[in-house]
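Notes for the one structure printed next.
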Amino acid sequence: LTKNASSRRIAFRLNGTAIQRRLGNGAWQTLTAPDVTVTKLVFYTTGSTPGDTSSPTVTIYVRGTAGLTQDKTQSDFSIQTTVVQQLLDI
């Protein structure tokens with residue numbers, strides 16, 4: 001998805017019902033708790049073409065459930081956030 005300060009690519013994916021992250025060529029790491037079930041993970045990108053004079057923008061959408069069904073505390077959730085790079089990629 002992006003590069004961090006040490007220029008290693010950071011990748012995210014939905015693996016089954018868990019969100020995972022990988023730094024560079026390292027191993028995939030699960031980011032979500034065991035009692036969280038993610039059913040949808042989407043990244044929408046705009047302004048990612050070098051020289052397009054638009055700031056790179058990523059909108060992240062996550063949908064799922066959290067909590068344990070046997071405890072009757074399970075809740076549905078939908079989360080959306082947008083991140084913008086402050087410097088133009090020109």
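Chain lettering (A, B, ...) mirrors the order of the structure tokens, residue numbering begins at 1 for each chain separately, and ligand numbering begins at 1 in order of display.
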Polymer residues at most 9 Å from segment 10-18 of chain A, only C-alpha atoms, same-chain spacing of 4 or more positions, as a count of residues only
20
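Pairwise distance (atom CA of Thr65 of chain A, atom CA of Thr82 of chain A) equals 21.1 Å.
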All residues 7 Å or closer to Val42 of chain A, only C-alpha atoms, same chain fewer than 2 positions away omitted, as a compact mmCIF listing (two decimals) with all heavy atoms, in the first residue's frame:
```txt
# COMPACT_ATOMS: atom_id res chain seq x y z
N LYS A 40 -15.50 -7.53 5.38
CA LYS A 40 -15.18 -6.73 4.20
C LYS A 40 -14.05 -5.76 4.55
O LYS A 40 -14.08 -5.11 5.59
CB LYS A 40 -16.40 -5.96 3.73
CG LYS A 40 -16.21 -5.25 2.41
CD LYS A 40 -17.53 -4.71 1.87
CE LYS A 40 -17.35 -4.21 0.45
NZ LYS A 40 -18.61 -3.84 -0.16
N TYR A 44 -9.91 2.29 -1.33
CA TYR A 44 -10.17 3.10 -2.52
C TYR A 44 -9.05 4.14 -2.61
O TYR A 44 -8.83 4.88 -1.65
CB TYR A 44 -11.52 3.83 -2.42
CG TYR A 44 -12.72 2.94 -2.27
CD1 TYR A 44 -13.28 2.70 -1.03
CD2 TYR A 44 -13.29 2.34 -3.39
CE1 TYR A 44 -14.40 1.88 -0.89
CE2 TYR A 44 -14.41 1.52 -3.26
CZ TYR A 44 -14.95 1.30 -2.00
OH TYR A 44 -16.04 0.49 -1.87
N ILE A 60 -10.44 3.86 3.49
CA ILE A 60 -10.42 2.48 3.98
C ILE A 60 -11.79 2.18 4.59
O ILE A 60 -12.29 2.95 5.41
CB ILE A 60 -9.32 2.29 5.04
CG1 ILE A 60 -7.98 2.74 4.48
CG2 ILE A 60 -9.28 0.84 5.52
CD1 ILE A 60 -6.95 3.05 5.54
N TYR A 61 -12.39 1.07 4.16
CA TYR A 61 -13.70 0.66 4.66
C TYR A 61 -13.57 -0.74 5.26
O TYR A 61 -13.04 -1.65 4.61
CB TYR A 61 -14.73 0.67 3.53
CG TYR A 61 -16.09 0.16 3.95
CD1 TYR A 61 -16.93 0.94 4.73
CD2 TYR A 61 -16.51 -1.10 3.59
CE1 TYR A 61 -18.17 0.49 5.13
CE2 TYR A 61 -17.75 -1.58 3.97
CZ TYR A 61 -18.57 -0.78 4.75
OH TYR A 61 -19.79 -1.24 5.15
N VAL A 62 -14.05 -0.90 6.49
CA VAL A 62 -14.01 -2.20 7.17
C VAL A 62 -15.40 -2.49 7.74
O VAL A 62 -16.02 -1.62 8.35
CB VAL A 62 -12.99 -2.19 8.34
CG1 VAL A 62 -12.93 -3.57 9.00
CG2 VAL A 62 -11.62 -1.76 7.87
```
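Separating atom CA of Val83 of chain A from atom CA of Thr57 of chain A is a distance of 5.8 Å.
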Using backbone DSSP assignments, extract all strand (DSSP E) residues from chain A; output them as a PyMOL selection string.
chain A and resi 2-3+9-15+18-23+29-30+36-46+57-66+75-84
Selection file, C-alpha atoms, as a JSON list (two decimals), in the first residue's frame:
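selection.json written:
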```
[["chain", "number", "residue", "atom", "x", "y", "z"],
["A", 2, "THR", "CA", 2.69, 2.50, 0.94],
["A", 3, "LYS", "CA", 6.27, 2.83, 2.05],
["A", 9, "ARG", "CA", 6.56, -1.62, 1.38],
["A", 10, "ILE", "CA", 3.66, -2.08, 3.78],
["A", 11, "ALA", "CA", 0.92, -4.42, 2.55],
["A", 12, "PHE", "CA", -2.50, -5.11, 4.06],
["A", 13, "ARG", "CA", -4.93, -7.93, 3.28],
["A", 14, "LEU", "CA", -8.04, -9.68, 4.48],
["A", 15, "ASN", "CA", -7.08, -13.29, 5.20],
["A", 18, "ALA", "CA", -8.66, -11.27, 9.91],
["A", 19, "ILE", "CA", -6.81, -8.15, 8.74],
["A", 20, "GLN", "CA", -3.11, -8.79, 8.24],
["A", 21, "ARG", "CA", -0.07, -6.59, 7.57],
["A", 22, "ARG", "CA", 3.33, -7.36, 6.06],
["A", 23, "LEU", "CA", 6.41, -5.14, 6.20],
["A", 29, "GLN", "CA", 1.04, -10.41, 10.99],
["A", 30, "THR", "CA", -2.58, -10.53, 12.16],
["A", 36, "VAL", "CA", -13.28, -9.77, 15.73],
["A", 37, "THR", "CA", -14.64, -11.14, 12.45],
["A", 38, "VAL", "CA", -13.97, -8.90, 9.44],
["A", 39, "THR", "CA", -16.30, -9.55, 6.50],
["A", 40, "LYS", "CA", -15.18, -6.73, 4.20],
["A", 41, "LEU", "CA", -11.96, -4.72, 3.77],
["A", 42, "VAL", "CA", -11.73, -2.27, 0.87],
["A", 43, "PHE", "CA", -9.14, 0.35, -0.08],
["A", 44, "TYR", "CA", -10.17, 3.10, -2.52],
["A", 45, "THR", "CA", -7.27, 5.16, -3.87],
["A", 46, "THR", "CA", -7.17, 8.43, -5.80],
["A", 57, "THR", "CA", -5.75, 9.74, -0.88],
["A", 58, "VAL", "CA", -6.85, 6.37, 0.47],
["A", 59, "THR", "CA", -10.31, 5.64, 1.86],
["A", 60, "ILE", "CA", -10.42, 2.48, 3.98],
["A", 61, "TYR", "CA", -13.70, 0.66, 4.66],
["A", 62, "VAL", "CA", -14.01, -2.20, 7.17],
["A", 63, "ARG", "CA", -17.16, -4.15, 8.06],
["A", 64, "GLY", "CA", -17.61, -7.04, 10.50],
["A", 65, "THR", "CA", -18.61, -8.14, 13.98],
["A", 66, "ALA", "CA", -16.90, -7.94, 17.36],
["A", 75, "SER", "CA", -21.94, -6.16, 17.77],
["A", 76, "ASP", "CA", -21.89, -5.35, 14.08],
["A", 77, "PHE", "CA", -19.63, -2.52, 12.94],
["A", 78, "SER", "CA", -18.84, -0.52, 9.80],
["A", 79, "ILE", "CA", -15.86, 1.83, 9.86],
["A", 80, "GLN", "CA", -14.66, 4.19, 7.15],
["A", 81, "THR", "CA", -11.71, 6.59, 7.28],
["A", 82, "THR", "CA", -9.77, 8.61, 4.75],
["A", 83, "VAL", "CA", -6.05, 9.39, 4.86],
["A", 84, "VAL", "CA", -4.26, 11.94, 2.71]]
```
Separation of atom CA of Gly67 of chain A and atom CA of Ala27 of chain A, in Å?
26.9 Å
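Between Asp35 of chain A and the residues A:Gly47, A:Thr73, A:Leu68, A:Gln86, the shortest atom-to-atom distance, using only C-alpha atoms, involves A:Leu68.
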